[in-house]
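Okay, structure first, notes after.
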Amino acid sequence: MAAHHSADPHWPGVHARTALDAGDPVEAIRIHMRDIVRMPAGAVDAMFADQRVRAALSAHAEALIADDEAIDALGVGTNRFATLGMPTTLVKGDLSPAHLRERLADLATTLPNARIVTLAGQGHVAHLTAPDTLADAVRETAEQVLHA
């Protein structure tokens, strides 16, 4: 996977930041969803057709684009996590985009004490579509760590 750099004018995050700074949070989130998260353009369009969804996502555009920039600043690679020995639960949805499941698998291989929990029937937004299921997975890890 090629490294992305926020100084690279071709990196989608630069375009998202430009849209946000120009006062267009909707376009910034569209760029994020389509070009960084890699959601199909039709799915992004359908999502933004709902005015409530558009408003909710736009309200968080600044934080989301800042998160993209912070993640990008870390650079590419998982080796930096090889010495983290604390128990780690990585949560994925079986409907999450393939590229996100691949990155999660790479991270799980690197972390010495990681386990993967797969949420059946969920994608990348299980915190919205199945919050109780996600909370149960987090709770189970917390109980294991606290009672170890």
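For the structure tokens, the naming scheme is as follows: chains receive sequential letters (A, B, ...) according to their order of presentation, residues are indexed from 1 within each chain, and ligands are indexed from 1 in presentation order.
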
Expected answer as a ChimeraX atom specification: strand (DSSP E) residues in chain A: /A:88-93,114-119

What are the DSSP alpha helix (DSSP H) residues of range 30-138 of chain A, as an NGL selection string? :A and (30-31 or 41-49 or 51-59 or 61-74 or 98-110 or 126-129 or 131-138)

If I take CA of Val76 in chain A and CA of Pro9 in chain A, how far is one from the other in Å, to one decimal? 17.6 Å

Find the residue from A:Gly42, A:Ala70, A:Val14, A:Leu90 that sits nearest to Arg103 in chain A; use only C-alpha atoms when measuring.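 Closest candidate: A:Leu90.
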
Surrounding residues of Ala108 in chain A excluding itself and chain neighbours under 6 positions, 10 Å, only C-alpha atoms, as a list of chain:residue names: A:Thr78, A:Phe81, A:Ala82, A:Thr88, A:Thr89, A:Leu90, A:Glu102, A:Ala114, A:Arg115, A:Ile116

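In this comparison, which uses only C-alpha atoms, the residue of A:Val26, A:Thr141, A:His32, A:Leu95 approaching Glu69 in chain A most closely is A:His32.
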
So how far away is CA of Gly13 in chain A from CA of Leu107 in chain A, in Å?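 Here the two named atoms are 22.4 Å from each other.
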
Within 9 Å of Arg38 in chain A, counting only C-alpha atoms, which residues qualify if same-chain residues fewer than 4 places away don't, as a PyMOL selection string? chain A and resi 32-34+97+99

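Near Leu84 in chain A, within a cut-off of 8 Å and counting only C-alpha atoms, sit the residues Phe81, Leu111, Pro112 and Asn113 of chain A, with same-chain residues fewer than 3 positions away left out.
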
The selected residues should be written to file as a PDB file, in the first residue's frame (atoms: all heavy atoms).
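See result19.pdb below for the written result:
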```pdb
ATOM      1  N   PHE A  81       3.430  -1.121  16.473  1.00  0.00           N
ATOM      2  CA  PHE A  81       2.539  -1.709  17.469  1.00  0.00           C
ATOM      3  C   PHE A  81       3.035  -3.049  18.002  1.00  0.00           C
ATOM      4  O   PHE A  81       2.410  -3.630  18.885  1.00  0.00           O
ATOM      5  CB  PHE A  81       1.135  -1.889  16.874  1.00  0.00           C
ATOM      6  CG  PHE A  81       0.552  -0.595  16.365  1.00  0.00           C
ATOM      7  CD1 PHE A  81       0.376  -0.387  15.011  1.00  0.00           C
ATOM      8  CD2 PHE A  81       0.195   0.418  17.244  1.00  0.00           C
ATOM      9  CE1 PHE A  81      -0.155   0.802  14.536  1.00  0.00           C
ATOM     10  CE2 PHE A  81      -0.327   1.619  16.773  1.00  0.00           C
ATOM     11  CZ  PHE A  81      -0.506   1.804  15.418  1.00  0.00           C
ATOM     12  N   LEU A 111       0.056  -7.089  16.565  1.00  0.00           N
ATOM     13  CA  LEU A 111      -0.163  -6.952  18.011  1.00  0.00           C
ATOM     14  C   LEU A 111       0.004  -8.312  18.691  1.00  0.00           C
ATOM     15  O   LEU A 111      -0.639  -9.292  18.299  1.00  0.00           O
ATOM     16  CB  LEU A 111      -1.566  -6.406  18.285  1.00  0.00           C
ATOM     17  CG  LEU A 111      -1.767  -4.933  17.984  1.00  0.00           C
ATOM     18  CD1 LEU A 111      -3.249  -4.601  17.909  1.00  0.00           C
ATOM     19  CD2 LEU A 111      -1.069  -4.084  19.031  1.00  0.00           C
ATOM     20  N   PRO A 112       0.847  -8.389  19.718  1.00  0.00           N
ATOM     21  CA  PRO A 112       1.114  -9.688  20.338  1.00  0.00           C
ATOM     22  C   PRO A 112      -0.058 -10.267  21.140  1.00  0.00           C
ATOM     23  O   PRO A 112      -0.096 -11.471  21.380  1.00  0.00           O
ATOM     24  CB  PRO A 112       2.319  -9.415  21.246  1.00  0.00           C
ATOM     25  CG  PRO A 112       2.347  -7.946  21.434  1.00  0.00           C
ATOM     26  CD  PRO A 112       1.672  -7.316  20.251  1.00  0.00           C
ATOM     27  N   ASN A 113      -0.997  -9.469  21.549  1.00  0.00           N
ATOM     28  CA  ASN A 113      -2.078  -9.963  22.403  1.00  0.00           C
ATOM     29  C   ASN A 113      -3.429  -9.456  21.879  1.00  0.00           C
ATOM     30  O   ASN A 113      -4.209  -8.861  22.606  1.00  0.00           O
ATOM     31  CB  ASN A 113      -1.835  -9.497  23.843  1.00  0.00           C
ATOM     32  CG  ASN A 113      -2.675 -10.256  24.846  1.00  0.00           C
ATOM     33  OD1 ASN A 113      -3.372 -11.204  24.508  1.00  0.00           O
ATOM     34  ND2 ASN A 113      -2.624  -9.820  26.093  1.00  0.00           N
TER      35      ASN A 113
END
```

Could you pull the residues within 12 Å of Asp45 in chain A, counting only C-alpha atoms, minus those fewer than 4 positions along the same chain, as a list in words? Val26, Glu27, Ile29, Arg30, Ile31, Met33, Arg34, Met39, Pro40, Ala41, Ala49, Asp50, Gln51, Val53 and Arg54 of chain A
